[in-house]
Amino acid sequence: MEIDVVIIGAGPSGIQAAIHAARRKVSTVIVGKPTNSAMYDADIVNYFGIAEPVKGSVLLKAGLEQAKASGAELVEENVISAERKGKTFLVSTEGGKEYTAKAVIVATGISRVKLGIPGEKELVGKGVSYCSVCDCSFYKGKTVAVIGDETEAALSAELMSKYASHVYWITEKPKAVKALVERAKLAGVVMKSSPPAEIRGDDKVTALVLKDGTELPLDGVFIELGAKSAADLVMDMDLMPEIDDTIKVDERYATKVPGLFACGDVIGKPWQVARAVGQGCMAGLSAADFLKGVK
Ligand SMILES: Cc1cc2nc3c(=O)[nH]c(=O)nc-3n(C[C@H](O)[C@H](O)[C@H](O)COP(=O)(O)OP(=O)(O)OC[C@H]3O[C@@H](n4cnc5c(N)ncnc54)[C@H](O)[C@@H]3O)c2cc1C
């Protein structure tokens, strides 16, 4: 099927791109599963106009309705390949659908690196978090642990010390710059070098057990190990992802391949809904401009 713009990814960035592209009257298809968006199960509290926690799934559903009302179509499938064919792109889905698109917007997000210890999966959203900037305010006066060796973990430990009453930083060997490690220590963060072994709790986190047998009673565990992305999808569209697995774009969210755009978490940090939505708006408008020959 021939289409003006295919958007790969049905998270906030892809959906906002679809709203803006479709309203410029270019034919628009979003391919992706909203249930796989990073925000689907999240309680969003720091998005403009949203004061009380709102489930990401609620915002996604409303956004998709807006995108459909604007003229976009949603195909709830994964893309298995996307190739550049001369001036167009051939996008193929797991269900066997094929789209020949004049423009493609990649909004595939990231997936956070997991620890893989017992209790982690079961307690996500019940005290296990992958984003301290998102969830810090839920832990005022509580005890938390931050897990990870790199800069994200150091920043997270320092941030959490402004909210929680006790913060442990679980790091075998901190690899963040020395000044950040010192700042975390000065903020009263207690460092533990034994690796995590198990997160305990039933309907909420109650303790973190370390490999040396220490059990730390606590309310929250922040896993700050970074993320990987689906950026390799762009390689057959003649674009190499960056060394850190992100996609490089210019100020109009265009890549160096004509007609190929990217937005949201897949192009880098901070991984936040507000940023993903703003970039989606820009990528959608830029793709429409490209199709209409606007410089
Ligand atoms: C637990 C948690 C809590 C969070 N809380 C907050 C918060 O309070 N505030 C905040 O601002 N941010 C929060 N975030 C971050 C926020 O969810 C992300 O920044 C945001 O969802 C990024 O939007 P995106 O559209 O770039 O990517 P995503 O929302 O991750 O969407 C990516 C989409 O791409 C699709 N996709 C991937 N690969 C393919 C493929 N091959 N084919 C088709 N589709 C594909 C996925 O299925 C998904 O639909 C939180 C994240 C997590 C994990």
# chains A, B, ... in the order shown; residues from 1 in each chain; ligands from 1
$ residues_around --residues "range 256-258 of chain A" --least-positions-apart "3" --cutoff "12 Å" --atoms "only C-alpha atoms" --output "JSON, numbers by chain"
{"A": [83, 84, 85, 86, 87, 88, 89, 102, 103, 104, 105, 234, 235, 236, 237, 238, 239, 240, 241, 247, 248, 249, 250, 251, 252, 253, 261, 262, 286, 287, 290, 291, 293]}
$ write_last_selection --atoms "N, CA and C atoms" --output "JSON list (two decimals), in the first residue's frame"
[["chain", "number", "residue", "atom", "x", "y", "z"],
["A", 83, "GLU", "N", 13.14, -0.73, 4.77],
["A", 83, "GLU", "CA", 14.27, -0.59, 3.81],
["A", 83, "GLU", "C", 14.10, 0.66, 2.97],
["A", 84, "ARG", "N", 15.21, 1.24, 2.61],
["A", 84, "ARG", "CA", 15.17, 2.37, 1.68],
["A", 84, "ARG", "C", 15.21, 1.82, 0.27],
["A", 85, "LYS", "N", 14.24, 2.24, -0.56],
["A", 85, "LYS", "CA", 14.17, 1.79, -1.96],
["A", 85, "LYS", "C", 14.15, 3.03, -2.84],
["A", 86, "GLY", "N", 15.31, 3.51, -3.23],
["A", 86, "GLY", "CA", 15.38, 4.75, -4.02],
["A", 86, "GLY", "C", 14.91, 5.91, -3.18],
["A", 87, "LYS", "N", 13.82, 6.59, -3.65],
["A", 87, "LYS", "CA", 13.34, 7.76, -2.90],
["A", 87, "LYS", "C", 12.25, 7.41, -1.89],
["A", 88, "THR", "N", 11.87, 6.12, -1.83],
["A", 88, "THR", "CA", 10.81, 5.72, -0.89],
["A", 88, "THR", "C", 11.35, 4.68, 0.10],
["A", 89, "PHE", "N", 10.47, 4.27, 1.03],
["A", 89, "PHE", "CA", 10.84, 3.29, 2.04],
["A", 89, "PHE", "C", 9.81, 2.15, 2.01],
["A", 102, "LYS", "N", 6.63, 7.60, 1.49],
["A", 102, "LYS", "CA", 7.52, 8.67, 1.01],
["A", 102, "LYS", "C", 8.35, 9.23, 2.17],
["A", 103, "ALA", "N", 7.82, 9.08, 3.40],
["A", 103, "ALA", "CA", 8.57, 9.52, 4.59],
["A", 103, "ALA", "C", 8.32, 8.54, 5.73],
["A", 104, "VAL", "N", 9.32, 8.41, 6.59],
["A", 104, "VAL", "CA", 9.19, 7.53, 7.77],
["A", 104, "VAL", "C", 9.63, 8.32, 8.99],
["A", 105, "ILE", "N", 8.85, 8.19, 10.08],
["A", 105, "ILE", "CA", 9.26, 8.77, 11.37],
["A", 105, "ILE", "C", 9.51, 7.61, 12.33],
["A", 234, "VAL", "N", 16.96, 1.26, 11.70],
["A", 234, "VAL", "CA", 17.22, 2.25, 10.64],
["A", 234, "VAL", "C", 18.36, 1.85, 9.71],
["A", 235, "MET", "N", 19.07, 0.79, 10.05],
["A", 235, "MET", "CA", 20.27, 0.47, 9.25],
["A", 235, "MET", "C", 19.94, 0.15, 7.79],
["A", 236, "ASP", "N", 18.82, -0.54, 7.57],
["A", 236, "ASP", "CA", 18.45, -0.84, 6.18],
["A", 236, "ASP", "C", 17.81, 0.36, 5.48],
["A", 237, "MET", "N", 17.67, 1.46, 6.25],
["A", 237, "MET", "CA", 17.22, 2.71, 5.60],
["A", 237, "MET", "C", 18.45, 3.61, 5.39],
["A", 238, "ASP", "N", 19.63, 2.97, 5.35],
["A", 238, "ASP", "CA", 20.90, 3.64, 5.05],
["A", 238, "ASP", "C", 21.37, 4.61, 6.13],
["A", 239, "LEU", "N", 20.98, 4.35, 7.39],
["A", 239, "LEU", "CA", 21.43, 5.22, 8.48],
["A", 239, "LEU", "C", 22.08, 4.35, 9.55],
["A", 240, "MET", "N", 23.25, 4.78, 10.05],
["A", 240, "MET", "CA", 23.89, 4.06, 11.15],
["A", 240, "MET", "C", 23.47, 4.73, 12.46],
["A", 241, "PRO", "N", 22.99, 3.94, 13.45],
["A", 241, "PRO", "CA", 22.73, 4.55, 14.76],
["A", 241, "PRO", "C", 24.05, 5.06, 15.35],
["A", 247, "ILE", "N", 19.55, 7.77, 17.63],
["A", 247, "ILE", "CA", 19.51, 8.22, 16.23],
["A", 247, "ILE", "C", 19.77, 9.72, 16.22],
["A", 248, "LYS", "N", 20.71, 10.14, 15.35],
["A", 248, "LYS", "CA", 21.06, 11.56, 15.30],
["A", 248, "LYS", "C", 20.11, 12.30, 14.37],
["A", 249, "VAL", "N", 19.60, 13.45, 14.84],
["A", 249, "VAL", "CA", 18.70, 14.27, 14.01],
["A", 249, "VAL", "C", 19.16, 15.74, 14.05],
["A", 250, "ASP", "N", 18.64, 16.55, 13.12],
["A", 250, "ASP", "CA", 18.93, 17.98, 13.16],
["A", 250, "ASP", "C", 17.80, 18.71, 13.88],
["A", 251, "GLU", "N", 17.79, 20.05, 13.80],
["A", 251, "GLU", "CA", 16.80, 20.82, 14.58],
["A", 251, "GLU", "C", 15.37, 20.62, 14.07],
["A", 252, "ARG", "N", 15.21, 20.02, 12.87],
["A", 252, "ARG", "CA", 13.86, 19.71, 12.37],
["A", 252, "ARG", "C", 13.52, 18.22, 12.55],
["A", 253, "TYR", "N", 14.33, 17.54, 13.34],
["A", 253, "TYR", "CA", 14.14, 16.11, 13.64],
["A", 253, "TYR", "C", 14.30, 15.23, 12.40],
["A", 261, "PHE", "N", 12.86, 10.66, 9.52],
["A", 261, "PHE", "CA", 12.83, 11.51, 10.71],
["A", 261, "PHE", "C", 12.83, 10.64, 11.96],
["A", 262, "ALA", "N", 13.15, 11.22, 13.12],
["A", 262, "ALA", "CA", 13.10, 10.45, 14.37],
["A", 262, "ALA", "C", 12.79, 11.39, 15.52],
["A", 286, "SER", "N", 7.61, 18.46, 10.29],
["A", 286, "SER", "CA", 8.74, 18.43, 9.35],
["A", 286, "SER", "C", 8.50, 17.41, 8.24],
["A", 287, "ALA", "N", 7.92, 16.25, 8.60],
["A", 287, "ALA", "CA", 7.64, 15.22, 7.58],
["A", 287, "ALA", "C", 6.62, 15.77, 6.59],
["A", 290, "PHE", "N", 8.30, 18.19, 4.30],
["A", 290, "PHE", "CA", 9.11, 17.44, 3.33],
["A", 290, "PHE", "C", 8.24, 16.95, 2.17],
["A", 291, "LEU", "N", 7.06, 16.41, 2.53],
["A", 291, "LEU", "CA", 6.17, 15.84, 1.51],
["A", 291, "LEU", "C", 5.59, 16.92, 0.61],
["A", 293, "GLY", "N", 7.16, 19.67, -0.09],
["A", 293, "GLY", "CA", 8.26, 20.39, -0.74],
["A", 293, "GLY", "C", 8.57, 21.73, -0.09]]
$ closest_atom_pairs --of "range 90-150 of chain A" --to "range 165-180 of chain A" --cutoff "10 Å" --atoms "only C-alpha atoms" --output "Markdown table"
| residue | atom | partner | partner_atom | distance |
| --- | --- | --- | --- | --- |
| A:Tyr139 | CA | A:Ser165 | CA | 8.7 |
| A:Lys140 | CA | A:Ser165 | CA | 7.2 |
| A:Gly141 | CA | A:Ser165 | CA | 4.6 |
| A:Lys142 | CA | A:Ser165 | CA | 5.3 |
| A:Thr143 | CA | A:His166 | CA | 4.6 |
| A:Val144 | CA | A:Val167 | CA | 5.1 |
| A:Ala145 | CA | A:Tyr168 | CA | 4.5 |
| A:Val146 | CA | A:Trp169 | CA | 4.8 |
| A:Ile147 | CA | A:Ile170 | CA | 4.8 |
| A:Gly148 | CA | A:Thr171 | CA | 5.6 |
| A:Asp149 | CA | A:Pro174 | CA | 4.5 |
| A:Glu150 | CA | A:Ala176 | CA | 4.6 |
$ write_last_selection --atoms "N, CA and C atoms" --output "compact mmCIF listing (two decimals), in the first residue's frame"
# COMPACT_ATOMS: atom_id res chain seq x y z
N TYR A 139 8.30 9.20 47.12
CA TYR A 139 9.12 8.60 48.18
C TYR A 139 9.56 9.62 49.23
N LYS A 140 8.75 10.66 49.44
CA LYS A 140 9.09 11.68 50.44
C LYS A 140 9.16 11.02 51.83
N GLY A 141 10.29 11.19 52.53
CA GLY A 141 10.44 10.67 53.90
C GLY A 141 10.60 9.16 53.97
N LYS A 142 10.79 8.49 52.82
CA LYS A 142 10.89 7.02 52.83
C LYS A 142 12.35 6.57 52.63
N THR A 143 12.53 5.26 52.63
CA THR A 143 13.87 4.68 52.44
C THR A 143 13.93 4.01 51.08
N VAL A 144 14.96 4.35 50.31
CA VAL A 144 15.07 3.78 48.96
C VAL A 144 16.50 3.33 48.68
N ALA A 145 16.63 2.48 47.65
CA ALA A 145 17.97 2.12 47.15
C ALA A 145 18.04 2.48 45.67
N VAL A 146 19.21 2.93 45.25
CA VAL A 146 19.47 3.19 43.84
C VAL A 146 20.53 2.19 43.40
N ILE A 147 20.29 1.52 42.27
CA ILE A 147 21.22 0.48 41.81
C ILE A 147 21.85 0.88 40.49
N GLY A 148 23.17 0.82 40.41
CA GLY A 148 23.86 1.14 39.15
C GLY A 148 25.21 1.77 39.44
N ASP A 149 26.11 1.72 38.45
CA ASP A 149 27.47 2.22 38.67
C ASP A 149 27.75 3.55 37.98
N GLU A 150 26.92 3.89 36.99
CA GLU A 150 27.28 5.00 36.10
C GLU A 150 26.66 6.32 36.56
$ select_by_dssp --residues "range 176-216 of chain A" --states "strand (DSSP E)" --output "list in words"
Val190, Met191, Lys192, Pro196, Ala197, Glu198, Ile199, Arg200, Gly201, Val205, Thr206, Ala207, Leu208, Val209, Leu210, Glu215 and Leu216 of chain A
$ write_last_selection --atoms "C-alpha atoms" --output "PDB file, in the first residue's frame"
ATOM      1  CA  VAL A 190      25.093   5.324  52.060  1.00  0.00           C
ATOM      2  CA  MET A 191      27.084   3.203  49.584  1.00  0.00           C
ATOM      3  CA  LYS A 192      26.942  -0.601  49.537  1.00  0.00           C
ATOM      4  CA  PRO A 196      21.675  -6.935  44.630  1.00  0.00           C
ATOM      5  CA  ALA A 197      20.241 -10.468  44.832  1.00  0.00           C
ATOM      6  CA  GLU A 198      16.479 -10.168  45.441  1.00  0.00           C
ATOM      7  CA  ILE A 199      13.732  -7.575  45.864  1.00  0.00           C
ATOM      8  CA  ARG A 200      11.169  -8.609  48.470  1.00  0.00           C
ATOM      9  CA  GLY A 201       7.534  -7.597  48.924  1.00  0.00           C
ATOM     10  CA  VAL A 205       8.456  -3.429  47.998  1.00  0.00           C
ATOM     11  CA  THR A 206       9.543  -4.110  51.593  1.00  0.00           C
ATOM     12  CA  ALA A 207      13.248  -5.021  51.320  1.00  0.00           C
ATOM     13  CA  LEU A 208      16.300  -5.427  49.112  1.00  0.00           C
ATOM     14  CA  VAL A 209      18.553  -8.404  49.778  1.00  0.00           C
ATOM     15  CA  LEU A 210      22.216  -8.161  48.768  1.00  0.00           C
ATOM     16  CA  GLU A 215      18.679  -7.338  54.048  1.00  0.00           C
ATOM     17  CA  LEU A 216      17.840  -3.642  53.697  1.00  0.00           C
TER      18      LEU A 216
END
$ residues_around --residues "range 47-53 of chain A" --least-positions-apart "6" --cutoff "10 Å" --atoms "only C-alpha atoms" --output "compact mmCIF listing (two decimals) with C-alpha atoms, in the first residue's frame"
# COMPACT_ATOMS: atom_id res chain seq x y z
CA CYS A 134 9.55 10.54 37.23
CA GLN A 272 10.35 12.18 29.46
CA VAL A 273 6.84 12.38 28.03
CA ALA A 274 6.90 16.18 27.67
CA ARG A 275 10.05 16.03 25.56
$ atom_distance --atom1 "CA of Leu225 in chain A" --atom2 "CA of Ala42 in chain A"
18.3 Å
$ atom_distance --atom1 "atom 16 (C, counted along the ligand's line) of ligand 1" --atom2 "CA of Cys263 in chain A"
12.8 Å
$ closest_residue --among "A:Cys281, A:Ala231, A:Met1, A:Val45" --to "Thr100 in chain A" --atoms "only C-alpha atoms"
A:Met1
$ closest_residue --among "A:Leu260, A:Ala276, A:Ala157, A:Ile3" --to "ligand 1" --atoms "only C-alpha atoms and all ligand atoms"
A:Ala276
$ select_by_dssp --residues "range 35-82 of chain A" --states "helix (DSSP H, G or I)" --output "list in words"
Thr35, Asn36, Gly56, Ser57, Val58, Leu59, Leu60, Lys61, Ala62, Gly63, Leu64, Glu65, Gln66, Ala67, Lys68 and Ala69 of chain A
$ closest_residue --among "A:Ala230, A:Lys33, A:Ala283, A:Lys269" --to "Ala254 in chain A" --atoms "only C-alpha atoms"
A:Ala283
$ residues_around --residues "Ala21 in chain A" --least-positions-apart "2" --cutoff "12 Å" --atoms "only C-alpha atoms" --output "PyMOL selection string"
chain A and resi 4-7+14-19+23-30+67-68+70-73+103-105+280-292
$ closest_residue --among "A:Pro217, A:Gly259, A:Gly226, A:Pro270" --to "ligand 1" --atoms "only C-alpha atoms and all ligand atoms"
A:Pro270
$ closest_residue --among "A:Glu242, A:Glu152, A:Asp232, A:Glu182" --to "ligand 1" --atoms "only C-alpha atoms and all ligand atoms"
A:Asp232
$ residues_around --residues "range 120-133 of chain A" --least-positions-apart "2" --cutoff "8 Å" --atoms "only C-alpha atoms" --output "number ranges by chain"
A: 41-42, 112, 115-118, 135-136, 156, 159-160, 198-199, 201-205, 219-224
